[in-house]
$ cat entry_38.tsv   # TSV, C-alpha atoms and all ligand atoms
chain	number	residue	atom	x	y	z
A	1	MET	CA	-76.39	4.51	1.02
A	2	LYS	CA	-75.22	7.95	-0.16
A	3	PRO	CA	-72.36	7.78	-2.69
A	4	ALA	CA	-69.91	9.41	-0.26
A	5	LEU	CA	-70.77	6.92	2.49
A	6	LEU	CA	-70.56	4.05	0.05
A	7	LEU	CA	-67.11	5.21	-1.00
A	8	SER	CA	-65.80	5.44	2.55
A	9	ALA	CA	-67.33	2.05	3.37
A	10	LEU	CA	-65.44	0.62	0.42
A	11	LEU	CA	-62.21	2.26	1.51
A	12	LEU	CA	-62.57	1.04	5.09
A	13	SER	CA	-63.50	-2.52	4.24
A	14	SER	CA	-60.49	-4.81	4.68
A	15	SER	CA	-61.39	-6.68	1.53
A	16	ALA	CA	-61.28	-3.55	-0.65
A	17	VAL	CA	-58.81	-3.88	-3.47
A	18	ALA	CA	-56.83	-1.25	-5.29
A	19	THR	CA	-55.27	-0.82	-8.66
A	20	THR	CA	-52.66	1.83	-7.88
A	21	VAL	CA	-49.56	1.90	-5.71
A	22	ALA	CA	-51.02	4.80	-3.70
A	23	GLN	CA	-54.24	2.87	-2.99
A	24	VAL	CA	-52.36	-0.28	-1.97
A	25	LYS	CA	-50.15	1.74	0.37
A	26	ALA	CA	-53.18	3.52	1.83
A	27	LYS	CA	-54.90	0.25	2.76
A	28	GLY	CA	-51.64	-1.44	3.79
A	29	VAL	CA	-52.46	-4.67	1.98
A	30	LEU	CA	-51.66	-6.11	-1.43
A	31	VAL	CA	-54.26	-8.73	-2.47
A	32	LEU	CA	-52.86	-11.58	-4.58
A	33	GLY	CA	-55.13	-13.93	-6.53
A	34	THR	CA	-53.72	-17.38	-7.33
A	35	ASP	CA	-54.88	-20.88	-8.34
A	36	PRO	CA	-52.95	-22.96	-5.80
A	37	THR	CA	-52.85	-26.32	-7.58
A	38	PHE	CA	-49.66	-25.78	-9.56
A	39	ASN	CA	-46.51	-26.95	-7.78
A	40	PRO	CA	-43.86	-25.64	-7.60
A	41	PHE	CA	-45.32	-22.19	-8.39
A	42	GLU	CA	-48.38	-22.07	-6.08
A	43	PHE	CA	-49.89	-24.72	-3.88
A	44	LYS	CA	-51.07	-25.27	-0.33
A	45	GLY	CA	-48.74	-27.08	2.04
A	46	PRO	CA	-49.87	-29.77	4.50
A	47	ASP	CA	-50.50	-26.92	6.97
A	48	GLY	CA	-52.92	-25.25	4.53
A	49	GLN	CA	-50.55	-22.32	3.93
A	50	PHE	CA	-49.93	-20.99	0.43
A	51	GLN	CA	-46.42	-21.60	-0.80
A	52	GLY	CA	-44.27	-21.76	-3.93
A	53	PHE	CA	-42.02	-19.73	-6.22
A	54	ASP	CA	-44.77	-17.27	-7.20
A	55	ILE	CA	-45.88	-16.82	-3.59
A	56	ASP	CA	-42.34	-15.89	-2.50
A	57	ILE	CA	-42.04	-13.37	-5.34
A	58	ALA	CA	-45.42	-11.87	-4.38
A	59	ARG	CA	-44.19	-11.55	-0.79
A	60	ALA	CA	-41.13	-9.65	-2.03
A	61	VAL	CA	-43.33	-7.26	-4.07
A	62	ALA	CA	-45.50	-6.58	-1.00
A	63	ARG	CA	-42.41	-6.17	1.19
A	64	ASP	CA	-40.94	-3.56	-1.18
A	65	LEU	CA	-44.26	-1.68	-1.18
A	66	GLY	CA	-44.17	-1.77	2.62
A	67	VAL	CA	-47.54	-3.57	2.90
A	68	LYS	CA	-48.89	-6.97	3.97
A	69	LEU	CA	-49.69	-9.67	1.43
A	70	GLU	CA	-53.18	-11.18	1.48
A	71	ILE	CA	-53.64	-14.28	-0.67
A	72	ARG	CA	-56.92	-15.47	-2.21
A	73	ALA	CA	-57.45	-18.79	-3.96
A	74	VAL	CA	-59.20	-18.26	-7.31
A	75	GLY	CA	-59.74	-20.97	-9.97
A	76	PHE	CA	-57.72	-20.26	-13.11
A	77	GLY	CA	-60.88	-19.79	-15.19
A	78	ALA	CA	-61.98	-16.88	-13.01
A	79	LEU	CA	-58.47	-15.65	-12.29
A	80	MET	CA	-57.56	-14.71	-15.85
A	81	PRO	CA	-58.39	-12.02	-16.47
A	82	GLN	CA	-61.65	-11.31	-14.59
A	83	SER	CA	-60.30	-11.29	-11.03
A	84	VAL	CA	-57.88	-8.52	-11.98
A	85	THR	CA	-60.04	-6.54	-14.41
A	86	SER	CA	-62.93	-6.52	-11.92
A	87	GLY	CA	-60.61	-5.32	-9.13
A	88	ARG	CA	-61.36	-8.34	-6.93
A	89	VAL	CA	-57.60	-8.76	-6.51
A	90	ASP	CA	-54.73	-6.28	-6.93
A	91	MET	CA	-52.52	-8.70	-8.79
A	92	ALA	CA	-52.49	-12.27	-10.05
A	93	MET	CA	-49.64	-14.78	-10.09
A	94	SER	CA	-50.27	-18.33	-11.19
A	95	ALA	CA	-47.51	-19.30	-13.62
A	96	ILE	CA	-49.40	-16.99	-16.00
A	97	THR	CA	-48.03	-16.88	-19.53
A	98	ILE	CA	-47.55	-13.49	-21.19
A	99	THR	CA	-49.55	-13.42	-24.44
A	100	ALA	CA	-50.44	-10.59	-26.82
A	101	GLU	CA	-54.13	-11.49	-26.49
A	102	ARG	CA	-54.08	-11.21	-22.69
A	103	ALA	CA	-51.99	-8.04	-22.84
A	104	LYS	CA	-54.93	-6.31	-24.54
A	105	VAL	CA	-56.92	-6.46	-21.30
A	106	VAL	CA	-54.34	-6.61	-18.48
A	107	SER	CA	-50.83	-5.28	-17.81
A	108	PHE	CA	-47.94	-7.69	-17.31
A	109	SER	CA	-44.73	-7.25	-15.38
A	110	GLN	CA	-41.43	-8.05	-17.08
A	111	PRO	CA	-41.03	-11.81	-17.77
A	112	TYR	CA	-39.91	-13.68	-14.64
A	113	TYR	CA	-39.71	-17.29	-15.80
A	114	ARG	CA	-39.06	-19.08	-19.12
A	115	SER	CA	-41.35	-22.11	-19.42
A	116	ALA	CA	-42.91	-24.44	-22.01
A	117	GLN	CA	-46.07	-26.46	-22.65
A	118	VAL	CA	-45.41	-30.22	-22.52
A	119	PHE	CA	-47.24	-33.57	-22.50
A	120	ILE	CA	-47.60	-35.13	-19.06
A	121	VAL	CA	-48.19	-38.90	-19.22
A	122	ARG	CA	-48.43	-41.77	-16.77
A	123	GLY	CA	-45.04	-42.92	-15.52
A	124	GLY	CA	-43.78	-46.28	-16.66
A	125	ASN	CA	-45.23	-46.16	-20.17
A	126	PRO	CA	-44.14	-42.88	-21.75
A	127	GLY	CA	-43.05	-44.81	-24.84
A	128	LYS	CA	-46.70	-45.54	-25.57
A	129	PHE	CA	-47.29	-41.94	-26.54
A	130	ALA	CA	-45.29	-39.80	-28.89
A	131	TRP	CA	-45.85	-36.35	-30.28
A	132	PRO	CA	-46.44	-35.53	-33.06
A	133	ALA	CA	-46.79	-39.09	-34.37
A	134	ASP	CA	-49.35	-40.34	-31.94
A	135	VAL	CA	-52.17	-37.96	-31.06
A	136	LYS	CA	-54.86	-39.11	-33.50
A	137	GLY	CA	-57.86	-40.43	-31.57
A	138	LYS	CA	-56.14	-39.90	-28.21
A	139	THR	CA	-57.91	-38.06	-25.43
A	140	ILE	CA	-55.71	-35.23	-24.20
A	141	GLY	CA	-56.51	-33.11	-21.16
A	142	VAL	CA	-56.09	-29.34	-20.91
A	143	GLN	CA	-56.84	-26.86	-18.12
A	144	ALA	CA	-59.59	-24.40	-19.04
A	145	ASN	CA	-58.49	-20.93	-20.07
A	146	THR	CA	-54.77	-21.81	-20.14
A	147	THR	CA	-52.25	-21.48	-22.94
A	148	GLY	CA	-52.16	-25.29	-22.88
A	149	GLN	CA	-55.79	-25.28	-23.99
A	150	TYR	CA	-55.06	-22.70	-26.71
A	151	VAL	CA	-52.05	-24.52	-28.16
A	152	ALA	CA	-53.85	-27.88	-28.01
A	153	GLY	CA	-56.76	-26.37	-29.94
A	154	ASP	CA	-54.37	-24.96	-32.53
A	155	VAL	CA	-52.10	-27.95	-33.14
A	156	LEU	CA	-53.48	-31.14	-31.54
A	157	LYS	CA	-57.13	-30.93	-32.49
A	158	PRO	CA	-56.40	-30.61	-36.23
A	159	LYS	CA	-54.32	-33.79	-35.87
A	160	GLY	CA	-57.34	-35.71	-34.55
A	161	ALA	CA	-56.81	-35.47	-30.78
A	162	VAL	CA	-59.92	-35.34	-28.58
A	163	LEU	CA	-59.56	-32.58	-26.00
A	164	LYS	CA	-60.94	-32.93	-22.49
A	165	VAL	CA	-61.16	-29.64	-20.59
A	166	TYR	CA	-60.58	-29.49	-16.81
A	167	ASP	CA	-61.32	-26.56	-14.56
A	168	ASP	CA	-58.91	-28.02	-12.05
A	169	PHE	CA	-55.37	-29.03	-13.05
A	170	ALA	CA	-55.23	-31.59	-10.23
A	171	ALA	CA	-58.29	-33.40	-11.63
A	172	GLY	CA	-56.48	-33.73	-14.97
A	173	LEU	CA	-53.44	-35.19	-13.24
A	174	ALA	CA	-55.65	-37.71	-11.42
A	175	ASP	CA	-57.07	-38.83	-14.79
A	176	VAL	CA	-53.56	-39.25	-16.23
A	177	ARG	CA	-52.56	-41.34	-13.25
A	178	ALA	CA	-55.69	-43.49	-13.56
A	179	GLY	CA	-55.12	-43.96	-17.30
A	180	ARG	CA	-58.41	-42.24	-18.22
A	181	ILE	CA	-56.65	-39.85	-20.61
A	182	ALA	CA	-53.48	-40.37	-22.69
A	183	ALA	CA	-51.83	-37.13	-21.62
A	184	LEU	CA	-52.41	-33.78	-19.94
A	185	ILE	CA	-50.92	-30.58	-21.33
A	186	GLY	CA	-49.08	-28.73	-18.59
A	187	ASP	CA	-46.19	-26.38	-17.90
A	188	ALA	CA	-42.74	-28.01	-17.99
A	189	PRO	CA	-41.67	-27.33	-14.37
A	190	THR	CA	-44.84	-28.99	-13.05
A	191	VAL	CA	-43.67	-32.33	-14.53
A	192	THR	CA	-40.18	-32.17	-13.05
A	193	ASP	CA	-41.78	-31.30	-9.73
A	194	LEU	CA	-44.20	-34.25	-9.96
A	195	GLN	CA	-41.32	-36.58	-10.75
A	196	LYS	CA	-39.52	-35.38	-7.65
A	197	ARG	CA	-42.55	-35.60	-5.34
A	198	LEU	CA	-44.20	-38.74	-6.73
A	199	PRO	CA	-41.36	-40.79	-8.24
A	200	GLY	CA	-42.37	-43.07	-11.09
A	201	GLN	CA	-45.96	-41.84	-11.38
A	202	PHE	CA	-45.61	-39.22	-14.11
A	203	ALA	CA	-43.37	-38.63	-17.09
A	204	GLN	CA	-42.97	-36.13	-19.90
A	205	ALA	CA	-43.53	-37.46	-23.41
A	206	GLY	CA	-42.27	-36.06	-26.67
A	207	ALA	CA	-40.99	-32.57	-27.39
A	208	ALA	CA	-42.35	-29.34	-25.93
A	209	LEU	CA	-45.34	-27.80	-27.74
A	210	ALA	CA	-44.51	-24.15	-27.13
A	211	ALA	CA	-42.07	-21.98	-25.20
A	212	GLU	CA	-43.47	-19.16	-23.09
A	213	ASP	CA	-42.67	-16.59	-20.41
A	214	TYR	CA	-44.53	-15.93	-17.17
A	215	GLY	CA	-45.48	-12.47	-15.96
A	216	ILE	CA	-47.27	-10.93	-12.97
A	217	VAL	CA	-50.71	-9.64	-13.93
A	218	PHE	CA	-52.27	-6.27	-13.02
A	219	ALA	CA	-55.22	-4.17	-14.06
A	220	LYS	CA	-54.53	-2.44	-17.36
A	221	ASN	CA	-52.04	0.43	-16.97
A	222	SER	CA	-51.73	0.06	-13.20
A	223	ASP	CA	-48.52	1.56	-11.83
A	224	LEU	CA	-48.23	-1.58	-9.68
A	225	ALA	CA	-46.63	-3.26	-12.73
A	226	ALA	CA	-43.69	-0.84	-12.60
A	227	ALA	CA	-43.38	-1.41	-8.84
A	228	ALA	CA	-43.25	-5.18	-9.42
A	229	ASN	CA	-40.63	-4.65	-12.12
A	230	ARG	CA	-38.43	-2.75	-9.69
A	231	THR	CA	-38.65	-5.66	-7.25
A	232	LEU	CA	-37.94	-8.26	-9.96
A	233	THR	CA	-34.96	-6.30	-11.32
A	234	LYS	CA	-33.56	-5.94	-7.82
A	235	MET	CA	-34.09	-9.64	-7.00
A	236	LYS	CA	-32.42	-10.72	-10.24
A	237	ALA	CA	-29.41	-8.49	-9.46
A	238	ASN	CA	-28.93	-9.28	-5.77
A	239	GLY	CA	-29.19	-13.08	-5.94
A	240	GLU	CA	-32.59	-13.32	-4.22
A	241	TYR	CA	-34.22	-14.50	-7.46
A	242	GLN	CA	-31.58	-17.23	-7.96
A	243	LYS	CA	-32.10	-18.37	-4.36
A	244	LEU	CA	-35.82	-18.83	-5.05
A	245	LEU	CA	-35.06	-20.75	-8.25
A	246	ASN	CA	-32.79	-23.06	-6.25
A	247	LYS	CA	-35.39	-23.41	-3.50
A	248	TRP	CA	-38.36	-24.26	-5.73
A	249	ILE	CA	-37.39	-25.21	-9.26
A	250	VAL	CA	-33.79	-26.26	-9.85
A	251	GLN	CA	-33.52	-30.05	-9.59
A	252	LYS	CA	-31.11	-31.33	-6.99
B	301	LIG	N1	-48.98	-21.00	-18.08
B	301	LIG	C1	-50.32	-21.39	-18.41
B	301	LIG	C2	-51.16	-20.17	-18.71
B	301	LIG	O1	-50.82	-19.08	-18.39
B	301	LIG	C3	-50.97	-22.23	-17.33
B	301	LIG	C4	-51.02	-21.66	-15.96
B	301	LIG	C5	-51.88	-22.46	-15.02
B	301	LIG	N2	-51.67	-22.03	-13.67
B	301	LIG	C6	-52.28	-22.58	-12.58
B	301	LIG	N3	-51.99	-22.15	-11.40
B	301	LIG	N4	-53.15	-23.54	-12.74
B	301	LIG	O2	-52.22	-20.25	-19.27

$ encode --input "entry_38.tsv" --output "structure tokens"
Amino acid sequence: MKPALLLSALLLSSSAVATTVAQVKAKGVLVLGTDPTFNPFEFKGPDGQFQGFDIDIARAVARDLGVKLEIRAVGFGALMPQSVTSGRVDMAMSAITITAERAKVVSFSQPYYRSAQVFIVRGGNPGKFAWPADVKGKTIGVQANTTGQYVAGDVLKPKGAVLKVYDDFAAGLADVRAGRIAALIGDAPTVTDLQKRLPGQFAQAGAALAAEDYGIVFAKNSDLAAAANRTLTKMKANGEYQKLLNKWIVQK
């Protein structure tokens, strides 16, 4: 194919992605990449539809750009940062923590949620596990490529913990529930959500390992980050953001 034809084929294809506001507006679609195994931020409902706090924020960003939102499921290992740096998606939201290391290769929006890394244990026996006293020789699960994996490598491994790495967060949770691992490192709101959905099955043990902030991820220096910031600032000011917190995260 001649380069010019190839270019127009790319522009016409519905799956083409864009890194600038002008390109997104031209194709009329904003493509979101997300790993939908992380309630209450992103998951698939019984009807197979994507839902959660992040999904609603992504919808608002697309709405303010005047385009449709298209959502693609991408495992976290491929999501960060390759899906965005390769242009396979226009933006990524997946309870993604803002870190200096990641900010070298992608651009983040302003922080939109304050979170923490915590130990998730089987319900009913949280007393059997305590941090920092109790990690020596214990098998502790982490999701690949997450800040949970990084912090566990930094502070739990030197204390004698054995780390088990999962591509899929849900598989780690299943192992906690079955008692195959002592704990899984996960983001704080996921535990409160599990306790609400599956009473008695999961608990948080010990103190938080690290506090962190989530951001929306874009290709480096994309002007989409500023567009997302305008939406977030507006939502925080007009009460829409608080409504989403109440809908998805605040415990009732
Ligand atoms: N906040 C952590 C990080 O950015 C974990 C995010 C995992 N998200 C998910 N959808 N599985 O590394």

$ residues_near_ligand --input "entry_38.tsv" --ligand "ligand LIG 301 (chain B)" --cutoff "7 Å" --atoms "all atoms listed in the file" --output "PyMOL selection string"
chain A and resi 34-38+42+76+94-97+145-148+169+186-187+214

$ closest_residue --input "entry_38.tsv" --among "A:Tyr166, A:Phe202, A:Trp131, A:Tyr113" --to "Gln143 (chain A)" --atoms "all atoms listed in the file"
A:Tyr166

$ residues_around --input "entry_38.tsv" --residues "Ala225 (chain A)" --least-positions-apart "4" --cutoff "10 Å" --atoms "all atoms listed in the file" --output "ChimeraX atom specification"
/A:19-21,91,107-110,215-221,229-231

$ closest_residue --input "entry_38.tsv" --among "A:Gly200, A:Gly137, A:Pro40, A:Gly52" --to "Leu163 (chain A)" --atoms "only C-alpha atoms"
A:Gly137

$ atom_distance --input "entry_38.tsv" --atom1 "CA of Gln82 (chain A)" --atom2 "CA of Leu173 (chain A)"
25.3 Å

$ closest_residue --input "entry_38.tsv" --among "A:Leu209, A:Ala26, A:Ile98, A:Ile185" --to "Gly141 (chain A)" --atoms "only C-alpha atoms"
A:Ile185

$ residues_around --input "entry_38.tsv" --residues "Leu32 (chain A)" --least-positions-apart "5" --cutoff "8 Å" --atoms "all atoms listed in the file" --output "list in words"
Ala58, Leu69, Glu70, Ile71, Arg72, Val89, Asp90, Met91, Ala92 and Met93 of chain A

$ closest_residue --input "entry_38.tsv" --among "A:Phe119, A:Gly87, A:Gln51, A:Val29" --to "Leu65 (chain A)" --atoms "all atoms listed in the file"
A:Val29

$ atom_distance --input "entry_38.tsv" --atom1 "CA of Ala210 (chain A)" --atom2 "CA of Ser115 (chain A)"
8.6 Å

$ build_atoms --input "entry_38.tsv" --residues "region 176-189 of chain A" --atoms "N, CA and C atoms" --output "PDB file, in the coordinates of the input"
ATOM      1  N   VAL A 176     -54.773 -38.681 -15.616  1.00  0.00           N
ATOM      2  CA  VAL A 176     -53.560 -39.250 -16.230  1.00  0.00           C
ATOM      3  C   VAL A 176     -53.102 -40.453 -15.430  1.00  0.00           C
ATOM      4  N   ARG A 177     -53.059 -40.277 -14.124  1.00  0.00           N
ATOM      5  CA  ARG A 177     -52.560 -41.340 -13.250  1.00  0.00           C
ATOM      6  C   ARG A 177     -53.444 -42.585 -13.346  1.00  0.00           C
ATOM      7  N   ALA A 178     -54.757 -42.362 -13.496  1.00  0.00           N
ATOM      8  CA  ALA A 178     -55.690 -43.490 -13.560  1.00  0.00           C
ATOM      9  C   ALA A 178     -55.772 -44.074 -14.970  1.00  0.00           C
ATOM     10  N   GLY A 179     -55.086 -43.449 -15.924  1.00  0.00           N
ATOM     11  CA  GLY A 179     -55.120 -43.960 -17.300  1.00  0.00           C
ATOM     12  C   GLY A 179     -56.399 -43.608 -18.040  1.00  0.00           C
ATOM     13  N   ARG A 180     -57.169 -42.631 -17.543  1.00  0.00           N
ATOM     14  CA  ARG A 180     -58.410 -42.240 -18.220  1.00  0.00           C
ATOM     15  C   ARG A 180     -58.161 -41.338 -19.415  1.00  0.00           C
ATOM     16  N   ILE A 181     -57.027 -40.640 -19.439  1.00  0.00           N
ATOM     17  CA  ILE A 181     -56.650 -39.850 -20.610  1.00  0.00           C
ATOM     18  C   ILE A 181     -55.199 -40.188 -20.964  1.00  0.00           C
ATOM     19  N   ALA A 182     -54.826 -39.985 -22.232  1.00  0.00           N
ATOM     20  CA  ALA A 182     -53.480 -40.370 -22.690  1.00  0.00           C
ATOM     21  C   ALA A 182     -52.431 -39.415 -22.146  1.00  0.00           C
ATOM     22  N   ALA A 183     -52.802 -38.137 -22.052  1.00  0.00           N
ATOM     23  CA  ALA A 183     -51.830 -37.130 -21.620  1.00  0.00           C
ATOM     24  C   ALA A 183     -52.578 -35.887 -21.149  1.00  0.00           C
ATOM     25  N   LEU A 184     -51.896 -35.084 -20.350  1.00  0.00           N
ATOM     26  CA  LEU A 184     -52.410 -33.780 -19.940  1.00  0.00           C
ATOM     27  C   LEU A 184     -51.386 -32.750 -20.400  1.00  0.00           C
ATOM     28  N   ILE A 185     -51.855 -31.642 -20.964  1.00  0.00           N
ATOM     29  CA  ILE A 185     -50.920 -30.580 -21.330  1.00  0.00           C
ATOM     30  C   ILE A 185     -50.678 -29.713 -20.091  1.00  0.00           C
ATOM     31  N   GLY A 186     -49.407 -29.532 -19.768  1.00  0.00           N
ATOM     32  CA  GLY A 186     -49.080 -28.730 -18.590  1.00  0.00           C
ATOM     33  C   GLY A 186     -47.772 -28.006 -18.780  1.00  0.00           C
ATOM     34  N   ASP A 187     -47.418 -27.172 -17.804  1.00  0.00           N
ATOM     35  CA  ASP A 187     -46.190 -26.380 -17.900  1.00  0.00           C
ATOM     36  C   ASP A 187     -45.003 -27.238 -17.455  1.00  0.00           C
ATOM     37  N   ALA A 188     -43.894 -27.118 -18.175  1.00  0.00           N
ATOM     38  CA  ALA A 188     -42.740 -28.010 -17.990  1.00  0.00           C
ATOM     39  C   ALA A 188     -42.317 -28.202 -16.521  1.00  0.00           C
ATOM     40  N   PRO A 189     -42.171 -27.122 -15.734  1.00  0.00           N
ATOM     41  CA  PRO A 189     -41.670 -27.330 -14.370  1.00  0.00           C
ATOM     42  C   PRO A 189     -42.623 -28.156 -13.501  1.00  0.00           C
TER      43      PRO A 189
END
